[in-house]
>>> print(open('upload.csv').read())   # CSV, C-alpha atoms and all ligand atoms
chain,number,residue,atom,x,y,z
F,1,MET,CA,-1.6,-20.8,13.0
F,2,SER,CA,0.5,-19.1,10.4
F,3,GLU,CA,2.4,-16.0,11.4
F,4,HIS,CA,2.0,-14.6,7.9
F,5,ALA,CA,-1.3,-13.9,6.2
F,6,LEU,CA,0.6,-13.9,2.9
F,7,LYS,CA,4.0,-15.2,1.9
F,8,ILE,CA,5.3,-14.9,-1.6
F,9,ASN,CA,8.6,-16.3,-2.9
F,10,GLY,CA,10.1,-15.8,-6.3
F,11,LEU,CA,6.9,-14.9,-8.0
F,12,ASN,CA,7.1,-14.4,-11.8
F,13,LYS,CA,4.5,-13.5,-14.3
F,14,VAL,CA,5.3,-13.3,-18.0
F,15,TYR,CA,2.3,-12.7,-20.3
F,16,LYS,CA,1.9,-14.3,-23.7
F,17,ASN,CA,3.1,-11.1,-25.3
F,18,LYS,CA,6.3,-11.5,-23.3
F,19,VAL,CA,5.6,-8.6,-21.0
F,20,ILE,CA,7.2,-9.4,-17.7
F,21,ALA,CA,4.5,-8.1,-15.3
F,22,LEU,CA,6.1,-9.5,-12.1
F,23,ASN,CA,9.8,-10.1,-11.8
F,24,ASN,CA,10.9,-12.5,-9.1
F,25,ILE,CA,8.9,-11.0,-6.3
F,26,ASP,CA,9.3,-11.8,-2.6
F,27,LEU,CA,6.8,-10.4,-0.2
F,28,GLU,CA,5.5,-11.1,3.4
F,29,VAL,CA,2.4,-9.7,5.0
F,30,LYS,CA,2.0,-10.4,8.7
F,31,MET,CA,-1.2,-11.5,10.3
F,32,GLY,CA,-3.2,-8.4,11.4
F,33,ASP,CA,-1.3,-6.1,9.2
F,34,PHE,CA,-2.7,-3.2,7.2
F,35,PHE,CA,-0.5,-3.3,4.2
F,36,ALA,CA,-0.2,-0.9,1.2
F,37,LEU,CA,0.8,-2.0,-2.2
F,38,LEU,CA,1.6,1.2,-4.0
F,39,GLY,CA,2.6,1.7,-7.6
F,40,PRO,CA,1.8,3.6,-10.8
F,41,ASN,CA,-0.3,2.2,-13.6
F,42,GLY,CA,1.2,-0.8,-15.3
F,43,ALA,CA,3.4,-1.6,-12.2
F,44,GLY,CA,2.0,-5.1,-11.8
F,45,LYS,CA,-0.5,-4.6,-8.9
F,46,SER,CA,-3.5,-6.1,-10.6
F,47,THR,CA,-1.4,-9.0,-11.9
F,48,LEU,CA,-0.3,-9.7,-8.3
F,49,ILE,CA,-3.8,-9.6,-6.9
F,50,GLY,CA,-5.1,-11.7,-9.8
F,51,ILE,CA,-2.6,-14.4,-8.9
F,52,LEU,CA,-3.5,-14.3,-5.2
F,53,THR,CA,-7.2,-14.6,-6.0
F,54,SER,CA,-6.5,-17.3,-8.6
F,55,LEU,CA,-7.9,-15.3,-11.5
F,56,ILE,CA,-4.4,-15.3,-13.2
F,57,ASN,CA,-2.0,-18.1,-13.5
F,58,LYS,CA,1.5,-17.4,-12.3
F,59,THR,CA,4.6,-18.3,-14.4
F,60,ALA,CA,6.7,-19.3,-11.5
F,61,GLY,CA,7.0,-19.0,-7.7
F,62,LYS,CA,5.3,-19.9,-4.5
F,63,VAL,CA,2.3,-18.2,-2.8
F,64,ARG,CA,1.0,-19.1,0.6
F,65,ILE,CA,-2.1,-17.6,2.1
F,66,MET,CA,-2.5,-18.2,5.8
F,67,GLY,CA,0.1,-20.9,5.4
F,68,CYS,CA,-1.8,-22.6,2.6
F,69,ASP,CA,-0.1,-23.1,-0.8
F,70,ILE,CA,-2.3,-21.8,-3.6
F,71,ASP,CA,-1.2,-24.7,-5.8
F,72,THR,CA,-1.6,-27.6,-3.5
F,73,GLU,CA,-4.2,-26.3,-1.1
F,74,PHE,CA,-6.2,-24.3,-3.5
F,75,SER,CA,-9.7,-24.3,-1.9
F,76,LYS,CA,-8.3,-23.7,1.6
F,77,ALA,CA,-6.2,-20.8,0.4
F,78,LYS,CA,-9.0,-19.3,-1.6
F,79,SER,CA,-11.4,-19.4,1.3
F,80,GLN,CA,-9.0,-17.2,3.3
F,81,ILE,CA,-9.3,-14.3,0.9
F,82,GLY,CA,-12.0,-11.7,0.4
F,83,LEU,CA,-11.5,-9.6,-2.7
F,84,VAL,CA,-13.0,-6.2,-3.3
F,85,PRO,CA,-12.3,-5.4,-7.0
F,86,GLN,CA,-12.1,-1.9,-8.3
F,87,GLU,CA,-15.3,-2.1,-10.4
F,88,PHE,CA,-18.7,-2.8,-9.1
F,89,ASN,CA,-19.5,-6.3,-10.4
F,90,PHE,CA,-22.8,-7.2,-8.7
F,91,ASN,CA,-26.2,-7.6,-10.4
F,92,ASN,CA,-27.9,-4.3,-10.3
F,93,PHE,CA,-31.3,-5.9,-10.2
F,94,GLU,CA,-30.8,-8.3,-7.3
F,95,PRO,CA,-31.7,-7.4,-3.7
F,96,LEU,CA,-28.6,-6.8,-1.5
F,97,VAL,CA,-29.3,-9.7,0.8
F,98,GLU,CA,-29.4,-12.1,-2.2
F,99,ILE,CA,-26.1,-10.7,-3.6
F,100,VAL,CA,-24.3,-11.4,-0.3
F,101,LYS,CA,-26.0,-14.7,0.3
F,102,SER,CA,-25.1,-16.1,-3.1
F,103,GLN,CA,-21.5,-15.2,-2.5
F,104,ALA,CA,-21.7,-17.3,0.7
F,105,GLY,CA,-23.1,-20.1,-1.3
F,106,TYR,CA,-20.2,-19.9,-3.7
F,107,PHE,CA,-18.0,-20.7,-0.7
F,108,GLY,CA,-20.0,-23.7,0.1
F,109,MET,CA,-21.9,-22.5,3.2
F,110,ASP,CA,-25.2,-24.1,3.8
F,111,LYS,CA,-28.3,-22.0,3.4
F,112,ARG,CA,-29.0,-21.3,7.0
F,113,ILE,CA,-25.4,-20.4,7.8
F,114,ALA,CA,-25.3,-18.3,4.7
F,115,GLY,CA,-28.4,-16.4,5.8
F,116,ASP,CA,-26.9,-15.7,9.2
F,117,ALA,CA,-23.5,-14.7,7.8
F,118,SER,CA,-25.2,-12.3,5.3
F,119,GLU,CA,-27.2,-10.7,8.0
F,120,GLU,CA,-24.2,-10.2,10.2
F,121,CYS,CA,-22.2,-8.6,7.3
F,122,LEU,CA,-24.9,-6.3,6.2
F,123,GLN,CA,-25.5,-5.2,9.8
F,124,LYS,CA,-21.8,-4.5,10.3
F,125,LEU,CA,-21.6,-2.5,7.2
F,126,GLY,CA,-24.8,-0.5,8.0
F,127,LEU,CA,-26.8,-2.0,5.1
F,128,TRP,CA,-29.3,-4.2,6.8
F,129,GLU,CA,-32.1,-1.7,6.5
F,130,LYS,CA,-31.4,-1.7,2.7
F,131,ARG,CA,-31.3,-5.5,2.4
F,132,LYS,CA,-34.4,-5.6,0.1
F,133,SER,CA,-33.2,-2.8,-2.1
F,134,THR,CA,-31.3,-3.3,-5.3
F,135,PRO,CA,-27.9,-1.7,-5.9
F,136,ARG,CA,-29.5,0.8,-8.3
F,137,GLU,CA,-31.1,2.4,-5.3
F,138,LEU,CA,-27.9,2.8,-3.4
F,139,SER,CA,-25.5,5.8,-3.1
F,140,GLY,CA,-21.9,5.4,-4.3
F,141,GLY,CA,-20.7,5.0,-0.7
F,142,MET,CA,-23.3,2.3,0.0
F,143,LYS,CA,-22.3,0.4,-3.2
F,144,ARG,CA,-18.7,0.3,-2.0
F,145,ARG,CA,-19.9,-1.0,1.4
F,146,LEU,CA,-21.9,-3.7,-0.3
F,147,MET,CA,-18.7,-4.8,-2.2
F,148,ILE,CA,-17.0,-5.1,1.2
F,149,ALA,CA,-19.9,-6.9,2.9
F,150,ARG,CA,-19.9,-9.5,0.0
F,151,ALA,CA,-16.1,-9.9,0.3
F,152,LEU,CA,-16.4,-10.6,4.1
F,153,VAL,CA,-19.4,-13.0,4.1
F,154,HIS,CA,-17.3,-16.2,4.3
F,155,ASP,CA,-15.2,-14.7,7.1
F,156,PRO,CA,-11.8,-14.7,5.3
F,157,GLN,CA,-8.7,-13.6,7.3
F,158,LEU,CA,-7.3,-11.6,4.4
F,159,LEU,CA,-9.2,-8.8,2.8
F,160,ILE,CA,-7.7,-7.4,-0.4
F,161,LEU,CA,-9.0,-4.1,-1.8
F,162,ASP,CA,-8.0,-3.0,-5.3
F,163,GLU,CA,-7.9,0.8,-5.4
F,164,PRO,CA,-10.9,1.1,-3.1
F,165,THR,CA,-11.2,4.9,-3.4
F,166,ALA,CA,-10.3,5.5,-7.0
F,167,GLY,CA,-12.4,8.3,-8.3
F,168,VAL,CA,-14.6,8.8,-5.1
F,169,ASP,CA,-15.2,12.1,-3.5
F,170,ILE,CA,-13.4,13.1,-0.3
F,171,GLU,CA,-16.3,12.4,2.0
F,172,ILE,CA,-16.8,8.8,0.9
F,173,ARG,CA,-13.0,8.3,0.9
F,174,ARG,CA,-12.8,9.4,4.6
F,175,SER,CA,-15.7,7.2,5.6
F,176,MET,CA,-14.1,4.3,3.7
F,177,TRP,CA,-10.9,4.9,5.6
F,178,GLU,CA,-12.7,4.8,9.0
F,179,LEU,CA,-14.5,1.6,8.0
F,180,LEU,CA,-11.4,-0.2,6.8
F,181,SER,CA,-9.5,0.8,10.0
F,182,LYS,CA,-12.3,-0.7,12.1
F,183,ILE,CA,-12.3,-3.9,10.1
F,184,ASN,CA,-8.5,-4.1,10.6
F,185,GLU,CA,-8.8,-3.4,14.4
F,186,ASN,CA,-11.3,-6.2,14.6
F,187,GLY,CA,-8.7,-8.6,13.4
F,188,LYS,CA,-8.7,-8.8,9.6
F,189,THR,CA,-5.4,-8.5,7.7
F,190,ILE,CA,-5.9,-5.9,4.9
F,191,ILE,CA,-3.9,-5.4,1.7
F,192,LEU,CA,-4.8,-2.3,-0.2
F,193,THR,CA,-3.6,-1.3,-3.6
F,194,THR,CA,-3.5,2.4,-4.3
F,195,HIS,CA,-1.6,5.0,-6.1
F,196,TYR,CA,-2.3,7.6,-3.5
F,197,LEU,CA,0.5,7.9,-1.0
F,198,GLU,CA,-1.7,9.9,1.3
F,199,GLU,CA,-4.2,7.0,1.5
F,200,ALA,CA,-1.4,4.5,2.3
F,201,GLU,CA,0.0,7.0,4.9
F,202,SER,CA,-3.3,7.4,6.8
F,203,LEU,CA,-4.1,3.7,7.0
F,204,CYS,CA,-1.3,1.4,6.6
F,205,LYS,CA,1.4,0.0,8.9
F,206,ASN,CA,3.6,-1.4,6.2
F,207,ILE,CA,4.1,-0.7,2.6
F,208,ALA,CA,5.6,-2.1,-0.6
F,209,ILE,CA,6.1,-0.1,-3.7
F,210,ILE,CA,6.1,-1.9,-7.0
F,211,ASP,CA,7.4,-0.5,-10.2
F,212,ASN,CA,7.8,-2.3,-13.5
F,213,GLY,CA,7.2,-5.6,-11.9
F,214,ASN,CA,9.8,-5.1,-9.2
F,215,ILE,CA,9.4,-4.4,-5.5
F,216,ILE,CA,11.5,-1.3,-5.1
F,217,VAL,CA,10.5,-0.5,-1.5
F,218,ASP,CA,9.3,-2.9,1.3
F,219,THR,CA,9.3,-1.3,4.7
F,220,SER,CA,7.2,0.0,7.5
F,221,MET,CA,5.3,3.2,6.9
F,222,ARG,CA,7.1,4.8,9.8
F,223,ALA,CA,10.5,4.1,8.3
F,224,LEU,CA,9.4,5.3,4.9
F,225,LEU,CA,8.1,8.6,6.3
F,226,GLU,CA,11.2,9.1,8.4
F,227,LYS,CA,13.3,8.8,5.2
F,228,LEU,CA,11.0,11.2,3.4
F,229,ASN,CA,11.6,13.7,6.3
F,230,GLU,CA,15.3,13.6,5.5
F,231,GLU,CA,16.7,16.3,3.3
F,232,SER,CA,20.1,16.7,1.7
F,233,PHE,CA,22.0,19.9,1.1
F,234,ILE,CA,25.2,20.7,-0.8
F,235,LEU,CA,27.4,23.2,0.8
F,236,TYR,CA,30.0,25.1,-1.3
F,237,LEU,CA,32.9,26.3,0.8
F,238,LYS,CA,35.1,29.4,0.4
F,239,LYS,CA,38.4,27.5,1.0
F,240,PRO,CA,39.4,23.9,0.9
F,241,ILE,CA,39.1,22.0,4.1
F,242,SER,CA,42.5,21.4,5.6
F,243,GLU,CA,41.5,19.4,8.8
F,244,LYS,CA,39.1,16.7,9.7
F,245,LEU,CA,35.5,18.0,9.9
F,246,LYS,CA,34.0,17.9,13.4
F,247,ILE,CA,30.2,17.8,13.0
F,248,PRO,CA,29.5,14.6,14.9
F,249,GLU,CA,25.7,14.9,15.0
F,250,TYR,CA,25.4,15.3,11.2
F,251,GLN,CA,25.5,12.8,8.4
F,252,PHE,CA,27.8,14.1,5.8
F,253,ARG,CA,30.2,13.2,3.0
F,254,LEU,CA,32.9,15.2,1.3
F,255,ILE,CA,32.2,15.5,-2.4
F,256,ASP,CA,35.6,17.3,-2.9
F,257,GLU,CA,37.7,19.4,-0.6
F,258,LYS,CA,35.4,22.5,-1.1
F,259,THR,CA,32.0,20.7,-1.3
F,260,ILE,CA,30.1,18.9,1.5
F,261,GLU,CA,26.9,16.9,1.2
F,262,ILE,CA,24.9,17.0,4.4
F,263,THR,CA,21.8,15.0,5.1
F,264,LEU,CA,19.6,16.0,8.0
F,265,ASN,CA,16.1,15.4,9.4
F,266,THR,CA,13.9,18.3,8.5
F,267,ASP,CA,13.4,19.1,12.3
F,268,LYS,CA,17.2,19.6,12.7
F,269,SER,CA,18.6,23.1,12.6
F,270,LEU,CA,20.9,24.3,9.8
F,271,TYR,CA,21.8,27.2,12.1
F,272,LYS,CA,23.6,24.9,14.6
F,273,LEU,CA,25.5,23.3,11.7
F,274,PHE,CA,26.7,26.7,10.5
F,275,SER,CA,27.9,27.7,14.0
F,276,LEU,CA,29.9,24.4,14.2
F,277,LEU,CA,31.4,25.1,10.8
F,278,ASN,CA,32.2,28.7,11.8
F,279,GLU,CA,34.0,27.5,15.0
F,280,GLN,CA,36.3,25.5,12.8
F,281,GLY,CA,36.9,28.5,10.5
F,282,ILE,CA,34.9,27.1,7.7
F,283,GLU,CA,33.0,29.6,5.6
F,284,VAL,CA,30.1,28.5,3.4
F,285,LEU,CA,29.8,30.4,0.2
F,286,SER,CA,26.4,29.0,-0.9
F,287,ILE,CA,24.0,26.2,-0.2
F,288,LYS,CA,21.8,24.2,-2.5
F,289,ASN,CA,19.0,21.6,-1.9
F,290,LYS,CA,19.7,18.2,-3.2
F,291,SER,CA,16.3,16.4,-3.6
F,292,ASN,CA,16.4,13.1,-1.8
F,293,ARG,CA,16.3,9.7,-3.4
F,294,LEU,CA,12.9,8.9,-2.1
F,295,GLU,CA,11.4,12.1,-3.2
F,296,GLU,CA,12.8,11.5,-6.7
F,297,LEU,CA,11.3,8.0,-6.5
F,298,PHE,CA,7.9,9.3,-5.7
F,299,LEU,CA,8.1,12.1,-8.3
F,300,LYS,CA,9.0,9.4,-10.8
F,301,LEU,CA,6.1,7.2,-9.7
F,302,THR,CA,3.5,9.9,-9.8
F,303,SER,CA,4.6,11.2,-13.1
F,304,ASN,CA,4.4,7.7,-14.5
F,305,SER,CA,1.0,7.2,-13.1
F,306,ASN,CA,-0.3,10.5,-14.5
F,307,SER,CA,1.0,9.7,-18.0
B,1,LIG,P1,-1.3,-2.3,-12.5
B,1,LIG,O1,-2.4,-3.0,-11.9
B,1,LIG,O2,-0.2,-1.9,-11.5
B,1,LIG,O3,-1.7,-1.1,-13.3
B,1,LIG,P2,-1.0,-4.6,-14.3
B,1,LIG,O4,-0.7,-5.8,-13.4
B,1,LIG,O5,-2.4,-4.4,-14.8
B,1,LIG,O6,-0.5,-3.3,-13.5
B,1,LIG,O7,0.0,-4.7,-15.5
B,1,LIG,C1,1.4,-5.0,-15.4
B,1,LIG,C2,2.0,-5.1,-16.8
B,1,LIG,O8,1.5,-6.3,-17.5
B,1,LIG,C3,1.7,-4.0,-17.7
B,1,LIG,O9,2.8,-3.7,-18.6
B,1,LIG,C4,0.5,-4.5,-18.5
B,1,LIG,O10,0.4,-3.8,-19.8
B,1,LIG,C5,0.8,-5.9,-18.7
B,1,LIG,N1,-0.4,-6.8,-18.7
B,1,LIG,C6,-1.4,-6.8,-17.8
B,1,LIG,N2,-2.4,-7.7,-18.2
B,1,LIG,C7,-2.0,-8.2,-19.4
B,1,LIG,C8,-2.5,-9.2,-20.3
B,1,LIG,N3,-3.7,-9.9,-20.0
B,1,LIG,N4,-1.8,-9.5,-21.4
B,1,LIG,C9,-0.6,-8.9,-21.6
B,1,LIG,N5,0.0,-8.0,-20.8
B,1,LIG,C10,-0.7,-7.6,-19.7
>>> encode(input="upload.csv", output="structure tokens")
Amino acid sequence: MSEHALKINGLNKVYKNKVIALNNIDLEVKMGDFFALLGPNGAGKSTLIGILTSLINKTAGKVRIMGCDIDTEFSKAKSQIGLVPQEFNFNNFEPLVEIVKSQAGYFGMDKRIAGDASEECLQKLGLWEKRKSTPRELSGGMKRRLMIARALVHDPQLLILDEPTAGVDIEIRRSMWELLSKINENGKTIILTTHYLEEAESLCKNIAIIDNGNIIVDTSMRALLEKLNEESFILYLKKPISEKLKIPEYQFRLIDEKTIEITLNTDKSLYKLFSLLNEQGIEVLSIKNKSNRLEELFLKLTSNSNS
């Protein structure tokens, strides 16, 4: 079995109007991962998902889903994906059980198996009691669960959710988070697009940030958060440094002979640094925060997405 639920190499998408929506993207998502794809509006998230789910044609590149090439093993690749789009797109007048069953039929399951699979999914998502209701009678949270039940009916390995909690209240958001964690713990690989860092942080093991069609960060959530915990300071000294600085535990660079840039984890003490400097006869005149690169990146991302 493939080690990767998703493997993308050199993926490009140029729309007819010459907009480069994806620019030579490489990305790997391991089996069992809970992966966040974060980025502001217009970054290229929907284009990427569209290509994975074969709704959009790529311009160039290779995409493998569970080891299956989407060009040469189209049906096999497609059957490994369950997509939960952002907008509700079911028939509001059809009973739930029929909505889920017809999706199973779409994946070529025979009637009896489709019936059993639909029951299993509706049970798992707490909707079996409502099977004869129509979506009009459901709460917002239930409608979202119906979208997930439908996406899972053909038992795909990879579940892709496009902004699953956009515009939902905090209560539904939390219960969605719990539900998705459970689905992941039970073995499904999940890719989630979002522009909420908090959502990605609570749920995901790994994260890629996409901006302007480029992957600008691709790392583990832990590594990203550790970087976010780092802070840089600029220290202005009274006199030029004459000897080599001895502050071995600290990451620093000399900007000039009277200015030091120091980077430290937010749990590390500035007090100890000052004592070390004092011992070497170095007096600090003033200190200024230098916002770190990743903070700047996130500020830029959120300001873009709010515009
Ligand atoms: P996101 O989902 O991250 O908001 P999209 O993938 O929708 O981003 O868009 C990426 C870029 O491609 C944007 O500049 C957008 O305007 C452009 N784009 C998206 N769809 C089309 C289309 N059908 N035709 C032309 N340009 C498009």
>>> residues_around(input="upload.csv", residues="region 17-34 of chain F", least_positions_apart="3", cutoff="7 Å", atoms="all atoms listed in the file", output="PyMOL selection string")
chain F and resi 3-14+44+47+184+187-191+204-206+212-215
>>> closest_residue(input="upload.csv", among="F:Thr194, F:Gln123, F:Ser102, F:Ser2", to="ligand LIG 1 (chain B)", atoms="all atoms listed in the file")
F:Thr194
>>> closest_residue(input="upload.csv", among="F:Tyr15, F:Phe274, F:Phe35, F:Phe233", to="ligand LIG 1 (chain B)", atoms="all atoms listed in the file")
F:Tyr15
>>> atom_distance(input="upload.csv", atom1="CA of Lys124 (chain F)", atom2="CA of Arg174 (chain F)")
17.5 Å
>>> closest_residue(input="upload.csv", among="F:Ala208, F:Ile99, F:Leu158, F:Ala166", to="Cys121 (chain F)", atoms="all atoms listed in the file")
F:Ile99
>>> atom_distance(input="upload.csv", atom1="CA of Asp169 (chain F)", atom2="CA of Lys143 (chain F)")
13.7 Å
>>> axis_aligned_box(input="upload.csv", around="region 152-155 of chain F", padding_each_side="3 Å", output="lines of an AutoDock Vina configuration file")
center_x = -17.3
center_y = -13.4
center_z = 5.6
size_x = 10.2
size_y = 11.6
size_z = 9.0
>>> atom_distance(input="upload.csv", atom1="CA of Ile241 (chain F)", atom2="CA of Ser269 (chain F)")
22.2 Å
>>> closest_residue(input="upload.csv", among="F:Arg136, F:Arg64, F:Lys58, F:Lys182", to="Lys76 (chain F)", atoms="all atoms listed in the file")
F:Arg64
>>> residues_around(input="upload.csv", residues="Val284 (chain F)", least_positions_apart="5", cutoff="6 Å", atoms="all atoms listed in the file", output="compact mmCIF listing (two decimals) with C-alpha atoms, keeping the file's coordinate frame")
# COMPACT_ATOMS: atom_id res chain seq x y z
CA TYR F 236 30.00 25.10 -1.30
CA LEU F 237 32.90 26.30 0.80
CA LYS F 238 35.10 29.40 0.40
>>> closest_residue(input="upload.csv", among="F:Ile113, F:Ile49, F:Ile65, F:Leu161", to="ligand LIG 1 (chain B)", atoms="only C-alpha atoms and all ligand atoms")
F:Ile49
>>> closest_residue(input="upload.csv", among="F:Asp162, F:Glu87, F:Asp155, F:Glu231", to="ligand LIG 1 (chain B)", atoms="only C-alpha atoms and all ligand atoms")
F:Asp162
